Amino acid sequence: MKLIVFCLFTIYCCSLVKASYPMERKKLQEVLRELKMLKRDIPNTELMMNTPPKDIEDCCCLTALTCFRETLLQHFGISGKYQKKLYKSLNHTLTISGLNFCNTETSTTNCSTCHSHPKEKASEFFNRLESLVQRVRLFQIYFRKLYIKY
């Protein structure tokens with residue numbers, strides 16, 4: 001009897017883990033779609049914005065996400081349709097949990113603040129935000145394959 005209960009519990013837990021992947025993937029696809037729509041509609045791509053570097057360390061991904069959100073809010077606000085959607089998606093718990101590659105809280109102390117990042121053109125800002133989100137997708141796909149393999 002205990003073995004049957006244990007097996008059922010294991011199956012239930014595995015189904016919960018597998019069910020979360022499509023939601024996370026959907027949310028990240030949504031973020032990328034909204035980002036592309038916003039990039040298309042931005043009239044001033046010469047606008048200079050604080051932009052995190054290309055090579056963000058794993059523990060600094062959440063700090064970089066915060067910087068991207070703050071800069072979006074500061075320069076574009078959330079008045080437009082795509083700005084509002086993108087800001088909400090970047091603030092969503094699935095996006096935040098997807099970017100949390102760090103195991104400890106103390107490692108984020110080495111991350112630079114948003115205002116210390118160099119200013120880049122808006123087009124580069126959006127390209128780097130897109131690469132950060134794609135990095136999350138690649139990370140999830142890799143670990144999903146490992147999960148299925150073992």
# chains A, B, ... in the order shown; residues from 1 in each chain; ligands from 1

call {"tool": "select_by_dssp", "arguments": {"residues": "region 19-149 of chain A", "states": "helix (DSSP H, G or I)", "output": "JSON, numbers by chain"}}
result
{"A": [19, 20, 21, 22, 23, 24, 25, 26, 27, 28, 29, 30, 31, 32, 33, 34, 35, 36, 37, 38, 39, 40, 41, 58, 59, 60, 61, 62, 63, 64, 65, 66, 67, 68, 69, 70, 71, 72, 73, 74, 75, 76, 81, 82, 83, 84, 85, 86, 87, 88, 89, 90, 93, 94, 95, 96, 97, 98, 106, 107, 108, 109, 110, 114, 115, 116, 122, 123, 124, 125, 126, 127, 128, 129, 130, 131, 132, 133, 134, 135, 136, 137, 138, 139, 140, 141, 142, 143, 144, 145, 146, 147, 148, 149]}

call {"tool": "residues_around", "arguments": {"residues": "region 36-42 of chain A", "least_positions_apart": "5", "cutoff": "9 Å", "atoms": "only C-alpha atoms", "output": "VMD selection string"}}
result
chain A and resid 31 81 to 83 86 122 to 123 126 130

call {"tool": "closest_residue", "arguments": {"among": "A:Asn110, A:Leu28, A:Cys60, A:Lys121", "to": "Asn91 (chain A)", "atoms": "only C-alpha atoms"}}
result
A:Leu28

call {"tool": "closest_residue", "arguments": {"among": "A:Leu72, A:Cys61, A:Ile4, A:Leu94", "to": "Ser112 (chain A)", "atoms": "only C-alpha atoms"}}
result
A:Cys61

call {"tool": "residues_around", "arguments": {"residues": "Pro52 (chain A)", "least_positions_apart": "2", "cutoff": "12 Å", "atoms": "only C-alpha atoms", "output": "ChimeraX atom specification"}}
result
/A:49-50,54-57,60-71,111-121,124-132

call {"tool": "atom_distance", "arguments": {"atom1": "CA of Asp58 (chain A)", "atom2": "CA of Cys102 (chain A)"}}
result
6.1 Å

call {"tool": "atom_distance", "arguments": {"atom1": "CA of Gln74 (chain A)", "atom2": "CA of Met23 (chain A)"}}
result
29.1 Å

call {"tool": "closest_residue", "arguments": {"among": "A:Phe76, A:Arg33, A:Gln134, A:Cys59", "to": "Leu47 (chain A)", "atoms": "only C-alpha atoms"}}
result
A:Phe76

call {"tool": "select_by_dssp", "arguments": {"residues": "region 42-143 of chain A", "states": "strand (DSSP E)", "output": "ChimeraX atom specification"}}
result
/A:48-50,119-121

call {"tool": "write_last_selection", "arguments": {"atoms": "all heavy atoms", "output": "compact mmCIF listing (two decimals), in the first residue's frame"}}
result
# COMPACT_ATOMS: atom_id res chain seq x y z
N MET A 48 19.51 57.45 -26.14
CA MET A 48 20.57 56.81 -25.35
C MET A 48 20.00 56.34 -24.02
O MET A 48 19.36 57.11 -23.30
CB MET A 48 21.72 57.79 -25.12
CG MET A 48 22.37 58.28 -26.41
SD MET A 48 23.08 56.96 -27.39
CE MET A 48 24.61 56.70 -26.53
N MET A 49 20.25 55.05 -23.70
CA MET A 49 19.68 54.44 -22.50
C MET A 49 20.74 53.62 -21.78
O MET A 49 21.62 53.04 -22.42
CB MET A 49 18.52 53.51 -22.92
CG MET A 49 17.47 54.20 -23.76
SD MET A 49 16.40 53.05 -24.61
CE MET A 49 15.36 52.51 -23.29
N ASN A 50 20.65 53.58 -20.44
CA ASN A 50 21.56 52.75 -19.66
C ASN A 50 21.30 51.29 -20.04
O ASN A 50 20.18 50.81 -19.92
CB ASN A 50 21.33 52.94 -18.16
CG ASN A 50 21.80 54.28 -17.70
OD1 ASN A 50 21.47 55.29 -18.28
ND2 ASN A 50 22.58 54.29 -16.64
N LYS A 119 25.68 54.17 -21.49
CA LYS A 119 24.49 54.46 -22.29
C LYS A 119 24.72 53.99 -23.72
O LYS A 119 25.78 54.23 -24.29
CB LYS A 119 24.17 55.95 -22.26
CG LYS A 119 23.71 56.39 -20.88
CD LYS A 119 23.08 57.75 -20.93
CE LYS A 119 22.56 58.04 -19.52
NZ LYS A 119 21.38 58.82 -19.52
N GLU A 120 23.72 53.29 -24.23
CA GLU A 120 23.75 52.79 -25.60
C GLU A 120 22.50 53.27 -26.31
O GLU A 120 21.55 53.70 -25.68
CB GLU A 120 23.79 51.25 -25.61
CG GLU A 120 24.96 50.64 -24.88
CD GLU A 120 26.23 50.59 -25.70
OE1 GLU A 120 26.14 50.77 -26.93
OE2 GLU A 120 27.30 50.40 -25.11
N LYS A 121 22.49 53.12 -27.61
CA LYS A 121 21.30 53.47 -28.39
C LYS A 121 20.17 52.51 -28.04
O LYS A 121 20.40 51.38 -27.62
CB LYS A 121 21.60 53.40 -29.88
CG LYS A 121 22.56 54.47 -30.35
CD LYS A 121 22.77 54.37 -31.83
CE LYS A 121 23.74 55.46 -32.27
NZ LYS A 121 24.01 55.39 -33.70

call {"tool": "atom_distance", "arguments": {"atom1": "CA of Lys26 (chain A)", "atom2": "CA of Pro53 (chain A)"}}
result
26.0 Å
